[in-house]
Amino acid sequence: MSGDPGSRMPHPSDDRPDSPVPRPPDDPPGSRQPALAHGDAIAGGCMSLTLLLVEAGVGFLLALVLGLRGWSRSAADPRQRTGPPPMDWVPTLWVGAFALAVTLAGVLFLRGGHLYAGSLHLVLGAVVLLFTLNVWHDEYEFSHPAPLPPCPTRAGVPCAPADQR
């Protein structure tokens, strides 16, 4: 770094004389510019809005693809199944990867100094993580169905499902 004061990194206690972060002894108050200028805030807001629109489009596409995938699975012939289907991890992994991407965008915004955009993306990442848990639970319930109740006409024998009678 060169010796001129304009080329130094901003100090966390700039423009706050009551800050608990100590200043170096040779650093006069007000000698540095604030970390974020007004143009950076506008650029961060525009980047955040653009990224939110992209995330909304990707989320809609993901919901459409997973919905069509589930619809095709439910339309399969149930008579060809001999037992419960295996756990399908693809929807859980896709929604989890989307949650990770949204959360990573929030962390990058926070590291860049855009607190509102980063906080918004972290909250959205937490919401998508809740959707990930819901998708996992639905897939688990589908692959581990409840046992059939005992048949009242035959002792100790489970009843057949209604579609196999």
# chains A, B, ... in the order shown; residues from 1 in each chain; ligands from 1
$ residues_around --residues "A:Glu139" --least-positions-apart "6" --cutoff "9 Å" --atoms "only C-alpha atoms" --output "MDAnalysis selection string"
chainID A and resid 87:89 91:92
$ atom_distance --atom1 "atom CA of A:Ser119" --atom2 "atom CA of A:Ala63"
24.0 Å
$ residues_around --residues "A:Ser48" --least-positions-apart "5" --cutoff "10 Å" --atoms "only C-alpha atoms" --output "list in words"
Ile42, Ala43, Leu53, Val54, Ala105, Gly106, Phe109, His114, Tyr116, Ala117, Gly118, Leu120 and His121 of chain A
$ closest_residue --among "A:His144, A:Gly112, A:Asp138, A:Leu100" --to "A:Ala126" --atoms "only C-alpha atoms"
A:Leu100
